[in-house]
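Asker: Contents of data-v8.txt (compact mmCIF, C-alpha atoms) are given next:
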```txt
# COMPACT_ATOMS: atom_id res chain seq x y z
CA MET M 748 -21.46 32.00 13.30
CA HIS M 749 -24.09 29.24 13.13
CA GLU M 750 -22.20 27.44 15.91
CA ALA M 751 -24.78 28.95 18.30
CA THR M 752 -27.56 27.03 16.54
CA VAL M 753 -25.42 23.89 16.55
CA ALA M 754 -24.69 24.32 20.27
CA GLN M 755 -28.40 24.70 21.07
CA SER M 756 -29.30 21.52 19.13
CA LEU M 757 -26.38 19.68 20.69
CA VAL M 758 -27.36 20.53 24.27
CA GLU M 759 -30.96 19.47 23.56
CA ALA M 760 -29.82 16.15 22.08
CA ILE M 761 -27.46 15.40 24.99
CA LEU M 762 -30.09 16.33 27.62
CA GLN M 763 -32.53 13.95 25.97
CA GLU M 764 -30.00 11.09 26.12
CA ALA M 765 -29.08 12.01 29.69
CA ARG M 766 -32.72 11.77 30.79
CA GLN M 767 -32.94 8.29 29.27
CA GLN M 768 -29.66 7.21 30.86
CA ARG M 769 -30.41 8.93 34.17
CA ALA M 770 -26.74 9.87 34.35
CA ARG M 771 -24.59 12.96 34.16
CA PRO M 772 -22.93 13.62 30.78
CA ILE M 773 -19.27 14.57 31.08
CA ARG M 774 -17.86 14.28 27.57
CA ALA M 775 -19.22 14.16 24.01
CA LYS M 776 -17.59 13.23 20.73
CA LEU M 777 -18.80 14.87 17.54
CA SER M 778 -17.65 14.70 13.97
CA CYS M 779 -18.11 16.91 10.94
CA GLY M 780 -16.98 17.06 7.35
CA GLU M 781 -14.99 19.75 5.60
CA LEU M 782 -18.01 21.40 3.95
CA ASN M 783 -20.17 21.06 7.08
CA LYS M 784 -17.44 22.09 9.42
CA VAL M 785 -17.68 24.00 12.66
CA ASN M 786 -15.01 25.95 14.46
CA ASP M 787 -14.00 24.05 17.61
CA GLU M 788 -13.30 27.08 19.75
CA VAL M 789 -16.46 28.94 18.75
CA LEU M 790 -18.63 25.84 19.20
CA SER M 791 -17.14 25.06 22.62
CA PHE M 792 -17.70 28.65 23.73
CA ALA M 793 -21.31 28.64 22.47
CA PHE M 794 -21.88 25.22 24.03
CA GLN M 795 -20.75 26.37 27.50
CA ALA M 796 -23.01 29.41 27.24
CA VAL M 797 -26.07 27.33 26.29
CA ALA M 798 -25.21 24.55 28.78
CA GLU M 799 -24.99 26.85 31.78
CA GLY M 800 -27.41 25.75 34.50
CA THR M 801 -28.17 22.41 32.77
CA PRO M 802 -26.63 18.96 33.42
CA CYS M 803 -24.44 19.67 30.37
CA GLU M 804 -22.57 22.45 32.17
CA GLY M 805 -18.82 21.81 32.20
CA MET M 806 -18.92 19.02 29.63
CA VAL M 807 -15.91 18.51 27.38
CA LEU M 808 -16.46 18.42 23.62
CA GLN M 809 -14.17 16.51 21.28
CA ILE M 810 -14.64 17.35 17.63
CA GLU M 811 -13.27 15.12 14.90
CA HIS M 812 -12.83 16.77 11.50
CA LYS M 813 -13.25 14.37 8.62
CA PRO M 814 -11.50 15.38 5.40
CA LEU M 815 -13.40 15.93 2.20
CA GLN M 816 -12.87 12.93 -0.03
CA ALA M 817 -12.75 12.74 -3.78
CA LYS M 818 -12.49 9.94 -6.29
CA CYS M 819 -10.27 10.38 -9.33
CA ARG M 820 -12.12 9.75 -12.58
CA ALA M 821 -8.89 8.82 -14.33
CA CYS M 822 -7.22 6.32 -11.99
CA GLY M 823 -9.97 5.62 -9.43
CA ASP M 824 -7.88 6.68 -6.45
CA VAL M 825 -9.88 7.90 -3.44
CA PHE M 826 -8.08 10.69 -1.63
CA ALA M 827 -8.50 13.44 0.97
CA LEU M 828 -9.03 16.60 -1.02
CA ASP M 829 -7.29 19.88 -0.42
CA VAL M 830 -9.60 22.32 -2.22
CA SER M 831 -6.93 24.96 -2.76
CA SER M 832 -4.61 22.68 -4.74
CA ALA M 833 -7.09 20.10 -5.88
CA ARG M 834 -5.52 17.25 -7.83
CA CYS M 835 -5.24 13.50 -7.56
CA PRO M 836 -2.11 12.62 -5.56
CA ALA M 837 -1.70 9.37 -7.51
CA CYS M 838 -1.90 10.60 -11.12
CA GLN M 839 -1.87 14.42 -10.71
CA ARG M 840 -5.05 14.82 -12.80
CA GLU M 841 -7.71 17.39 -11.85
CA ASP M 842 -10.63 15.28 -12.99
CA PHE M 843 -12.41 13.88 -9.94
CA GLU M 844 -15.80 13.69 -8.26
CA LEU M 845 -16.46 14.86 -4.73
CA LEU M 846 -17.73 12.14 -2.42
CA PRO M 847 -20.56 13.15 -0.03
CA ASP M 848 -19.26 15.30 2.81
CA ALA M 849 -19.62 13.90 6.34
CA PRO M 850 -22.59 15.48 8.15
CA LEU M 851 -22.40 17.03 11.59
CA VAL M 852 -22.98 14.10 13.95
CA LEU M 853 -23.11 13.52 17.71
CA ASP M 854 -21.20 10.22 17.82
CA GLU M 855 -20.73 9.34 21.47
CA ILE M 856 -21.51 10.56 24.98
CA GLU M 857 -19.63 9.59 28.11
CA PHE M 858 -21.69 9.49 31.31
CA GLU M 859 -20.83 9.42 34.95
CA ARG M 860 -23.27 7.53 37.13
CA ALA M 861 -23.81 8.97 40.60
CA ASP M 862 -24.85 5.58 41.94
CA ASP M 863 -23.80 2.60 39.85
CA GLY M 864 -25.95 0.14 41.82
CA GLU M 865 -29.22 1.96 41.17
CA ASP M 866 -30.25 0.34 37.86
CA MET B 638 -17.96 5.98 33.63
CA GLU B 639 -19.93 4.75 30.69
CA LYS B 640 -19.90 5.55 26.98
CA ILE B 641 -22.88 5.26 24.71
CA ASP B 642 -22.95 5.46 20.93
CA VAL B 643 -25.45 8.02 19.73
CA GLY B 644 -24.83 8.48 16.00
CA ARG B 645 -27.35 11.28 15.72
CA LYS B 646 -27.34 14.17 13.25
CA ILE B 647 -27.05 17.34 15.28
CA LEU B 648 -29.21 19.43 12.96
CA SER B 649 -31.93 16.77 12.72
CA ALA B 650 -34.57 19.21 14.07
CA ASN B 651 -33.88 21.47 11.07
CA ASP B 652 -33.93 18.49 8.71
CA THR B 653 -37.39 17.53 10.02
CA TYR B 654 -38.78 20.94 9.02
CA ALA B 655 -36.90 20.82 5.70
CA LEU B 656 -38.70 17.57 4.92
CA LYS B 657 -42.06 19.16 5.88
CA ASN B 658 -41.34 22.04 3.48
CA LYS B 659 -40.36 19.63 0.72
CA GLN B 660 -43.60 17.68 1.22
CA LEU B 661 -45.71 20.86 1.25
CA LEU B 662 -44.13 22.06 -2.01
CA ALA B 663 -44.46 18.60 -3.57
CA ARG B 664 -48.15 18.50 -2.65
CA TYR B 665 -48.65 21.62 -4.79
CA GLY B 666 -46.07 20.46 -7.34
CA LYS B 667 -44.10 23.72 -7.04
CA PRO B 668 -40.33 24.00 -7.37
CA CYS B 669 -38.36 26.07 -4.87
CA PHE B 670 -34.86 27.55 -5.08
CA ASN B 671 -32.66 28.88 -2.28
CA LEU B 672 -30.56 31.93 -3.26
CA ILE B 673 -27.33 32.27 -1.30
CA SER B 674 -24.61 34.94 -1.58
CA SER B 675 -22.66 37.61 0.25
CA PRO B 676 -24.58 40.77 1.19
CA GLY B 677 -24.83 43.15 -1.76
CA SER B 678 -24.25 40.67 -4.61
CA GLY B 679 -27.61 41.63 -6.10
CA LYS B 680 -29.93 38.75 -5.13
CA THR B 681 -32.97 41.00 -4.80
CA ALA B 682 -32.14 42.89 -8.00
CA LEU B 683 -31.86 39.56 -9.85
CA LEU B 684 -35.23 38.44 -8.48
CA VAL B 685 -36.92 41.76 -9.35
CA ARG B 686 -35.56 41.63 -12.92
CA THR B 687 -36.52 37.96 -13.31
CA ILE B 688 -40.06 38.59 -12.02
CA ARG B 689 -40.56 41.62 -14.32
CA ASP B 690 -39.08 39.96 -17.43
CA LEU B 691 -41.06 36.73 -17.01
CA MET B 692 -44.24 38.31 -15.66
CA ALA B 693 -46.35 37.22 -18.64
CA SER B 694 -45.57 33.54 -18.18
CA LEU B 695 -44.34 32.95 -14.63
CA ARG B 696 -45.94 33.56 -11.23
CA VAL B 697 -43.20 33.98 -8.63
CA GLY B 698 -43.44 34.07 -4.82
CA VAL B 699 -40.53 35.08 -2.61
CA ILE B 700 -39.48 34.43 0.97
CA GLU B 701 -37.01 37.11 2.06
CA GLY B 702 -34.48 36.61 4.86
CA ASP B 703 -32.66 39.51 6.52
CA LEU B 704 -31.46 40.36 9.99
CA GLN B 705 -33.71 43.40 10.03
CA THR B 706 -36.16 45.46 7.95
CA ASP B 707 -38.61 44.45 5.25
CA LEU B 708 -36.89 46.56 2.58
CA ASP B 709 -36.30 43.56 0.31
CA ALA B 710 -39.86 42.25 0.58
CA GLU B 711 -41.08 45.74 -0.36
CA ARG B 712 -38.88 45.72 -3.49
CA ILE B 713 -40.38 42.37 -4.49
CA ARG B 714 -43.96 43.51 -3.73
CA ALA B 715 -43.43 46.56 -5.96
CA THR B 716 -43.50 44.08 -8.88
CA GLN B 717 -46.92 42.82 -7.63
CA ALA B 718 -45.38 39.45 -6.69
CA PRO B 719 -46.17 38.18 -3.17
CA ALA B 720 -43.28 38.30 -0.67
CA ILE B 721 -42.98 37.24 2.96
CA GLN B 722 -40.21 38.82 5.00
CA ILE B 723 -38.44 36.87 7.74
CA ASN B 724 -36.30 38.89 10.19
CA THR B 725 -33.73 36.64 11.82
CA GLU B 726 -32.78 39.34 14.35
CA GLY B 727 -29.10 38.46 14.38
CA ALA B 728 -29.15 34.86 13.18
CA CYS B 729 -26.80 34.33 10.24
CA HIS B 730 -29.00 31.97 8.20
CA LEU B 731 -32.62 31.01 7.58
CA SER B 732 -33.84 27.86 9.33
CA ALA B 733 -36.29 25.40 7.82
CA ALA B 734 -38.77 26.15 10.65
CA GLN B 735 -38.84 29.85 9.73
CA VAL B 736 -39.36 28.98 6.07
CA ASN B 737 -42.18 26.62 7.08
CA GLN B 738 -44.09 29.50 8.70
CA ALA B 739 -43.48 31.73 5.69
CA LEU B 740 -44.64 29.06 3.25
CA GLU B 741 -47.96 28.91 5.09
CA LYS B 742 -48.47 32.62 4.42
CA LEU B 743 -47.56 32.45 0.71
CA PRO B 744 -50.32 31.63 -1.79
CA VAL B 745 -48.30 28.63 -3.02
CA ALA B 746 -51.19 27.11 -5.00
CA ASN B 747 -51.30 30.20 -7.24
CA LEU B 748 -47.57 30.31 -7.95
CA ASP B 749 -45.26 28.60 -10.46
CA VAL B 750 -42.08 28.86 -8.41
CA VAL B 751 -40.94 29.90 -4.93
CA PHE B 752 -37.61 31.64 -4.33
CA ILE B 753 -36.05 31.85 -0.90
CA GLU B 754 -33.58 34.73 -0.62
CA ASN B 755 -31.34 33.69 2.25
CA VAL B 756 -29.50 36.00 4.65
CA GLY B 757 -26.45 37.52 2.92
CA ASN B 758 -23.65 35.14 3.96
CA LEU B 759 -21.55 32.67 1.96
CA VAL B 760 -20.93 30.32 4.89
CA CYS B 761 -23.75 29.49 7.31
CA PRO B 762 -26.78 29.23 4.97
CA SER B 763 -25.09 26.39 3.10
CA ALA B 764 -25.34 24.18 6.22
CA PHE B 765 -29.13 24.45 6.63
CA GLU B 766 -31.40 22.59 4.23
CA LEU B 767 -34.71 24.40 3.79
CA GLY B 768 -36.57 21.84 1.67
CA GLU B 769 -35.60 23.50 -1.61
CA ASP B 770 -35.11 21.74 -4.96
CA GLY B 771 -31.78 23.45 -5.45
CA LYS B 772 -29.41 26.09 -4.22
CA ILE B 773 -28.42 29.00 -6.43
CA VAL B 774 -25.25 30.83 -5.49
CA VAL B 775 -24.79 34.44 -6.60
CA LEU B 776 -21.34 35.99 -6.88
CA SER B 777 -20.91 39.58 -8.07
CA VAL B 778 -17.72 40.46 -9.90
CA ALA B 779 -16.80 43.20 -7.41
CA GLU B 780 -16.36 40.54 -4.69
CA GLY B 781 -13.37 39.00 -6.47
CA ASP B 782 -12.68 35.79 -8.37
CA ASP B 783 -11.21 33.88 -5.41
CA LYS B 784 -14.55 33.12 -3.71
CA PRO B 785 -15.00 29.50 -4.94
CA VAL B 786 -11.65 28.57 -3.40
CA LYS B 787 -12.23 30.52 -0.19
CA TYR B 788 -15.84 29.36 0.36
CA PRO B 789 -15.98 25.93 -1.31
CA GLY B 790 -19.03 24.59 0.54
CA ILE B 791 -21.68 26.66 -1.16
CA PHE B 792 -20.13 26.27 -4.64
CA ALA B 793 -19.97 22.49 -4.17
CA LYS B 794 -23.63 22.29 -3.08
CA SER B 795 -25.28 24.62 -5.64
CA GLN B 796 -26.92 23.78 -8.96
CA VAL B 797 -26.45 27.22 -10.48
CA LEU B 798 -23.88 29.98 -10.15
CA LEU B 799 -25.07 33.41 -11.26
CA VAL B 800 -22.06 35.68 -11.76
CA ASN B 801 -23.74 39.07 -11.40
CA LYS B 802 -22.78 42.68 -12.29
CA ILE B 803 -20.83 41.66 -15.41
CA ASP B 804 -21.53 45.18 -16.77
CA LEU B 805 -18.68 46.26 -14.42
CA LEU B 806 -16.23 44.14 -16.46
CA GLU B 807 -16.56 46.53 -19.39
CA GLY B 808 -13.86 49.16 -19.25
CA ALA B 809 -12.08 46.98 -16.66
CA LEU B 810 -13.80 48.74 -13.75
CA VAL B 811 -12.96 45.70 -11.61
CA ASP B 812 -10.35 42.96 -11.92
CA PHE B 813 -12.19 39.68 -12.19
CA ASP B 814 -11.12 36.55 -14.03
CA LEU B 815 -14.28 34.71 -15.05
CA ASP B 816 -12.27 31.74 -16.33
CA ARG B 817 -10.66 31.33 -12.92
CA VAL B 818 -14.12 31.24 -11.30
CA ARG B 819 -15.30 28.67 -13.87
CA THR B 820 -12.26 26.45 -13.33
CA ASP B 821 -12.29 26.65 -9.53
CA ALA B 822 -16.06 26.19 -9.19
CA ARG B 823 -16.30 23.32 -11.71
CA ARG B 824 -13.42 21.54 -10.02
CA LEU B 825 -15.66 21.29 -6.94
CA ASN B 826 -18.87 20.73 -8.85
CA GLN B 827 -18.77 19.45 -12.41
CA SER B 828 -22.51 19.78 -12.98
CA LEU B 829 -22.68 23.42 -11.83
CA GLU B 830 -24.45 25.65 -14.38
CA ILE B 831 -22.68 29.01 -14.64
CA PHE B 832 -24.49 32.06 -16.05
CA PRO B 833 -22.67 35.41 -16.21
CA VAL B 834 -25.40 38.06 -15.95
CA SER B 835 -26.17 41.66 -15.21
CA ALA B 836 -29.43 42.30 -13.37
CA LYS B 837 -28.92 45.97 -14.21
CA THR B 838 -28.55 45.79 -18.01
CA GLY B 839 -30.20 42.39 -18.55
CA ALA B 840 -27.09 40.98 -20.23
CA GLY B 841 -26.93 37.17 -20.10
CA MET B 842 -30.29 36.85 -18.33
CA SER B 843 -31.96 34.85 -21.14
CA ARG B 844 -29.82 31.75 -20.48
CA TRP B 845 -30.78 31.89 -16.80
CA TYR B 846 -34.46 32.26 -17.79
CA ASP B 847 -34.16 29.24 -20.11
CA TRP B 848 -32.68 27.13 -17.30
CA LEU B 849 -35.38 28.27 -14.86
CA THR B 850 -38.33 27.69 -17.19
CA ASN B 851 -36.98 24.27 -18.20
CA ARG B 852 -36.65 23.28 -14.54
CA ILE B 853 -40.20 24.44 -13.79
CA ARG B 854 -41.60 22.59 -16.80
CA ALA B 855 -39.67 19.42 -15.87
CA ARG B 856 -41.26 19.37 -12.43
```
Translate this structure into structure tokens?
Answerer:
Amino acid sequence: MHEATVAQSLVEAILQEARQQRARPIRAKLSCGELNKVNDEVLSFAFQAVAEGTPCEGMVLQIEHKPLQAKCRACGDVFALDVSSARCPACQREDFELLPDAPLVLDEIEFERADDGED
Amino acid sequence: MEKIDVGRKILSANDTYALKNKQLLARYGKPCFNLISSPGSGKTALLVRTIRDLMASLRVGVIEGDLQTDLDAERIRATQAPAIQINTEGACHLSAAQVNQALEKLPVANLDVVFIENVGNLVCPSAFELGEDGKIVVLSVAEGDDKPVKYPGIFAKSQVLLVNKIDLLEGALVDFDLDRVRTDARRLNQSLEIFPVSAKTGAGMSRWYDWLTNRIRAR
């Protein structure tokens, strides 16, 4: 449910970049980790609602989900962790440490310039 | 068409306030803990019991988060401890900015510890740092022993797990496998402290009090 808060922050961040670029944003790439994850459909819906009437209206969001990673204490293998059946795929042990989860990040914005010769 | 790299944390506005809260608490040298759980796990009951049992040695202040009403703040104030109620009016979590306003109303200088009781929700509150020293997750036995697997985020990020309402395990009033919770939660978080307690009978509370007083002294 906190996708609404994320959408609000996201629109504000993109509008700020758009003012600096003096261009229209058309697509944004975001990424998030497994523990900081957002639901794509809910975020896109909330984003369109917040973006209405702003230069962000109609933008396309691409959300990359980064898996939670763990490091096996026994064999040192670093692997993408499935929390429901959590074990090291290399040695089958259950002794591992969680690596820091990827935060929710706005990675890239694609702009369309109305007049490319202006700058 | 032109792409630019941004590389910006989306919740950075919240993080800015979280840092302000951390600095404010550090200025007074007061620890702060963020209680997170489902609705009805007994967060307020645990706080009321803790405040009453440690009244002689510990001055507690509480920031209460709920969608509506100040019922929880009133329960805290009945112990004579100061409490500030935040009504999120629909929002599913407390934000660091809301906590910042509440901290300004609390007499922080005259307290030993600040508790933030977050909105009842095992998901969203775990994504918003409030400037706390640690998160404490509460799970009551009636909710079931599968919660660490179903909601891993909060169990991975917390320092303490209080398993509440253990009085219901007597006479097998509910099916709850404490060992399963221990195994599943520790798999995600090896340093997690787990205290089975009953805020109603007081069972197990002394180990939680020991942890809390040691943390406050260590600050």
Asker: Show which residues sit within 10 Å of Leu845 (chain M), as a PyMOL selection string. Count all atoms listed in the file, and ignore same-chain residues fewer than 5 positions away.
Answerer: (chain M and resi 815-819+825-828) or (chain B and resi 793+824-827)
Asker: Chain M near chain B within 7 Å: what's each residue's closest atom pair and its distance in Å to one decimal, counting all atoms listed in the file, ordered by chain then ascending residue number, as a Markdown table?
Answerer:
```
| residue | atom | partner | partner_atom | distance |
| --- | --- | --- | --- | --- |
| M:Met748 | CA | B:Cys729 | CA | 6.6 |
| M:His749 | CA | B:Cys761 | CA | 5.8 |
| M:Val753 | CA | B:Leu648 | CA | 6.9 |
| M:Ser756 | CA | B:Ile647 | CA | 6.1 |
| M:Leu757 | CA | B:Ile647 | CA | 5.9 |
| M:Leu782 | CA | B:Gly790 | CA | 4.8 |
| M:Asn783 | CA | B:Ala764 | CA | 6.1 |
| M:Val830 | CA | B:Val786 | CA | 6.7 |
| M:Ser831 | CA | B:Val786 | CA | 6.0 |
| M:Leu845 | CA | B:Leu825 | CA | 6.8 |
| M:Leu851 | CA | B:Ile647 | CA | 5.9 |
| M:Val852 | CA | B:Lys646 | CA | 4.4 |
| M:Leu853 | CA | B:Arg645 | CA | 5.2 |
| M:Asp854 | CA | B:Gly644 | CA | 4.4 |
| M:Glu855 | CA | B:Asp642 | CA | 4.5 |
| M:Ile856 | CA | B:Ile641 | CA | 5.5 |
| M:Glu857 | CA | B:Lys640 | CA | 4.2 |
| M:Phe858 | CA | B:Glu639 | CA | 5.1 |
| M:Glu859 | CA | B:Met638 | CA | 4.7 |
| M:Arg860 | CA | B:Met638 | CA | 6.5 |
```
Asker: What separation in Å, quoted to one decimal, exists between CA of Gln738 (chain B) and CA of Ile700 (chain B)?
Answerer: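 Computing the Euclidean distance for CA of Gln738 (chain B) and CA of Ile700 (chain B) yields 10.3 Å.
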Asker: Quick one: everything within 7 Å of region 813-817 of chain B, counting all atoms listed in the file, minus sequence neighbours fewer than 3 positions away in the same chain. Send it as JSON, numbers by chain.
Answerer: {"B": [778, 781, 782, 820, 821]}
Asker: What separation in Å, quoted to one decimal, exists between CA of Gln722 (chain B) and CA of Glu701 (chain B)?
Answerer: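 Spanning CA of Gln722 (chain B) to CA of Glu701 (chain B) is a straight-line distance of 4.7 Å.
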Asker: Could you please determine the separation between CA of Asp804 (chain B) and CA of Ser835 (chain B) in Å, to one decimal place?
Answerer: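 A separation of 6.0 Å between them.
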Asker: Out of M:Thr801, M:Ala821, M:Glu750, M:Gln763, which residue has the shortest atom-to-atom distance to Asn786 (chain M) when counting only C-alpha atoms?
Answerer: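 Counting only C-alpha atoms, the residue closest to Asn786 (chain M) is M:Glu750.
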Asker: Between B:Ala710, B:Leu743, B:Leu806, B:Ala733, which one has atoms that come closest to Thr681 (chain B), using all atoms listed in the file?
Answerer: B:Ala710
Asker: Please identify all polymer residues within 12 Å of Gln795 (chain M), counting all atoms listed in the file, omitting same-chain residues fewer than 6 positions from it, and present them as a short mmCIF file (atom, residue, chain, number, x, y, z; two decimals) with C-alpha atoms, in the coordinates of the input.
Answerer:
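In the end it all went to around_25.cif:
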```
data_model
loop_
_atom_site.label_atom_id
_atom_site.label_comp_id
_atom_site.auth_asym_id
_atom_site.auth_seq_id
_atom_site.Cartn_x
_atom_site.Cartn_y
_atom_site.Cartn_z
CA GLU M 750 -22.20 27.44 15.91
CA ALA M 751 -24.78 28.95 18.30
CA ALA M 754 -24.69 24.32 20.27
CA GLN M 755 -28.40 24.70 21.07
CA LEU M 757 -26.38 19.68 20.69
CA VAL M 758 -27.36 20.53 24.27
CA GLU M 788 -13.30 27.08 19.75
CA VAL M 789 -16.46 28.94 18.75
CA THR M 801 -28.17 22.41 32.77
CA PRO M 802 -26.63 18.96 33.42
CA CYS M 803 -24.44 19.67 30.37
CA GLU M 804 -22.57 22.45 32.17
CA GLY M 805 -18.82 21.81 32.20
CA MET M 806 -18.92 19.02 29.63
CA VAL M 807 -15.91 18.51 27.38
CA LEU M 808 -16.46 18.42 23.62
#
```
Asker: Dump as a CSV table (one decimal) with C-alpha atoms, keeping the file's coordinate frame all residues having an atom at most 10 Å from (-38.2, 23.8, -13.8), computed in the file's coordinates with only C-alpha atoms.
Answerer:
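Everything below was put into selection15.csv:
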```
chain,number,residue,atom,x,y,z
B,667,LYS,CA,-44.1,23.7,-7.0
B,668,PRO,CA,-40.3,24.0,-7.4
B,669,CYS,CA,-38.4,26.1,-4.9
B,749,ASP,CA,-45.3,28.6,-10.5
B,750,VAL,CA,-42.1,28.9,-8.4
B,770,ASP,CA,-35.1,21.7,-5.0
B,847,ASP,CA,-34.2,29.2,-20.1
B,848,TRP,CA,-32.7,27.1,-17.3
B,849,LEU,CA,-35.4,28.3,-14.9
B,850,THR,CA,-38.3,27.7,-17.2
B,851,ASN,CA,-37.0,24.3,-18.2
B,852,ARG,CA,-36.6,23.3,-14.5
B,853,ILE,CA,-40.2,24.4,-13.8
B,854,ARG,CA,-41.6,22.6,-16.8
B,855,ALA,CA,-39.7,19.4,-15.9
B,856,ARG,CA,-41.3,19.4,-12.4
```
Asker: Excluding Cys835 (chain M) and its own-chain neighbours fewer than 3 positions away, which residues fall within 8 Å of it when counting only C-alpha atoms? Please give them as a list in words.
Answerer: Cys819, Asp824, Phe826, Cys838, Gln839, Arg840, Glu841, Asp842 and Phe843 of chain M
Asker: From the list B:Gly698, B:Pro833, B:Gly771, B:Gly839, which residue is nearest Ala739 (chain B) when using all atoms listed in the file?
Answerer: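 Checking each candidate against Ala739 (chain B), we get B:Gly698 as the closest.
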Asker: Centre and edge lengths of an axis-aligned box around all listed atoms of region 669-687 of chain B, with 3 Å added on each side, are to be given in Å to one decimal, as AutoDock Vina command-line options.
Answerer:
```
--center_x -30.5 --center_y 34.6 --center_z -6.1 --size_x 21.7 --size_y 23.1 --size_z 20.5
```
Asker: Should you be able to, write region 795-814 of chain M of this structure into a file that contains N, CA and C atoms, as a PDB file, in the first residue's frame.
Answerer:
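Okay, this is what ended up in result36.pdb:
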```
ATOM      1  N   GLN M 795       0.333   6.965 -12.237  1.00  0.00           N
ATOM      2  CA  GLN M 795      -0.514   7.659 -13.223  1.00  0.00           C
ATOM      3  C   GLN M 795      -1.477   8.606 -12.528  1.00  0.00           C
ATOM      4  N   ALA M 796      -1.967   8.198 -11.363  1.00  0.00           N
ATOM      5  CA  ALA M 796      -2.904   9.055 -10.621  1.00  0.00           C
ATOM      6  C   ALA M 796      -2.205  10.330 -10.145  1.00  0.00           C
ATOM      7  N   VAL M 797      -0.992  10.186  -9.607  1.00  0.00           N
ATOM      8  CA  VAL M 797      -0.261  11.353  -9.099  1.00  0.00           C
ATOM      9  C   VAL M 797       0.226  12.229 -10.260  1.00  0.00           C
ATOM     10  N   ALA M 798       0.575  11.569 -11.396  1.00  0.00           N
ATOM     11  CA  ALA M 798       1.194  12.286 -12.516  1.00  0.00           C
ATOM     12  C   ALA M 798       0.189  13.092 -13.340  1.00  0.00           C
ATOM     13  N   GLU M 799      -1.085  12.797 -13.152  1.00  0.00           N
ATOM     14  CA  GLU M 799      -2.113  13.445 -13.972  1.00  0.00           C
ATOM     15  C   GLU M 799      -1.993  14.967 -13.906  1.00  0.00           C
ATOM     16  N   GLY M 800      -1.952  15.597 -15.082  1.00  0.00           N
ATOM     17  CA  GLY M 800      -1.874  17.052 -15.140  1.00  0.00           C
ATOM     18  C   GLY M 800      -0.465  17.603 -14.999  1.00  0.00           C
ATOM     19  N   THR M 801       0.532  16.714 -14.828  1.00  0.00           N
ATOM     20  CA  THR M 801       1.937  17.149 -14.762  1.00  0.00           C
ATOM     21  C   THR M 801       2.656  16.644 -16.014  1.00  0.00           C
ATOM     22  N   PRO M 802       3.879  17.135 -16.269  1.00  0.00           N
ATOM     23  CA  PRO M 802       4.642  16.620 -17.427  1.00  0.00           C
ATOM     24  C   PRO M 802       4.939  15.120 -17.328  1.00  0.00           C
ATOM     25  N   CYS M 803       4.687  14.510 -16.178  1.00  0.00           N
ATOM     26  CA  CYS M 803       4.923  13.063 -16.035  1.00  0.00           C
ATOM     27  C   CYS M 803       3.749  12.228 -16.543  1.00  0.00           C
ATOM     28  N   GLU M 804       2.648  12.884 -16.859  1.00  0.00           N
ATOM     29  CA  GLU M 804       1.453  12.141 -17.287  1.00  0.00           C
ATOM     30  C   GLU M 804       1.766  11.271 -18.502  1.00  0.00           C
ATOM     31  N   GLY M 805       1.361  10.019 -18.446  1.00  0.00           N
ATOM     32  CA  GLY M 805       1.557   9.102 -19.564  1.00  0.00           C
ATOM     33  C   GLY M 805       2.933   8.447 -19.627  1.00  0.00           C
ATOM     34  N   MET M 806       3.787   8.754 -18.683  1.00  0.00           N
ATOM     35  CA  MET M 806       5.124   8.128 -18.682  1.00  0.00           C
ATOM     36  C   MET M 806       5.036   6.621 -18.485  1.00  0.00           C
ATOM     37  N   VAL M 807       6.026   5.916 -18.997  1.00  0.00           N
ATOM     38  CA  VAL M 807       6.103   4.466 -18.812  1.00  0.00           C
ATOM     39  C   VAL M 807       7.147   4.169 -17.734  1.00  0.00           C
ATOM     40  N   LEU M 808       6.771   3.326 -16.789  1.00  0.00           N
ATOM     41  CA  LEU M 808       7.719   2.926 -15.737  1.00  0.00           C
ATOM     42  C   LEU M 808       8.212   1.520 -16.007  1.00  0.00           C
ATOM     43  N   GLN M 809       9.528   1.337 -15.880  1.00  0.00           N
ATOM     44  CA  GLN M 809      10.101  -0.016 -15.963  1.00  0.00           C
ATOM     45  C   GLN M 809      10.741  -0.308 -14.617  1.00  0.00           C
ATOM     46  N   ILE M 810      10.322  -1.399 -14.000  1.00  0.00           N
ATOM     47  CA  ILE M 810      10.819  -1.681 -12.649  1.00  0.00           C
ATOM     48  C   ILE M 810      11.641  -2.963 -12.661  1.00  0.00           C
ATOM     49  N   GLU M 811      12.889  -2.839 -12.281  1.00  0.00           N
ATOM     50  CA  GLU M 811      13.758  -4.017 -12.217  1.00  0.00           C
ATOM     51  C   GLU M 811      13.793  -4.522 -10.774  1.00  0.00           C
ATOM     52  N   HIS M 812      13.502  -5.816 -10.603  1.00  0.00           N
ATOM     53  CA  HIS M 812      13.532  -6.404  -9.263  1.00  0.00           C
ATOM     54  C   HIS M 812      14.857  -7.129  -9.070  1.00  0.00           C
ATOM     55  N   LYS M 813      15.608  -6.673  -8.069  1.00  0.00           N
ATOM     56  CA  LYS M 813      16.900  -7.312  -7.822  1.00  0.00           C
ATOM     57  C   LYS M 813      16.738  -8.362  -6.724  1.00  0.00           C
ATOM     58  N   PRO M 814      17.221  -9.572  -6.946  1.00  0.00           N
ATOM     59  CA  PRO M 814      17.025 -10.618  -5.947  1.00  0.00           C
ATOM     60  C   PRO M 814      17.817 -10.340  -4.673  1.00  0.00           C
TER      61      PRO M 814
END
```
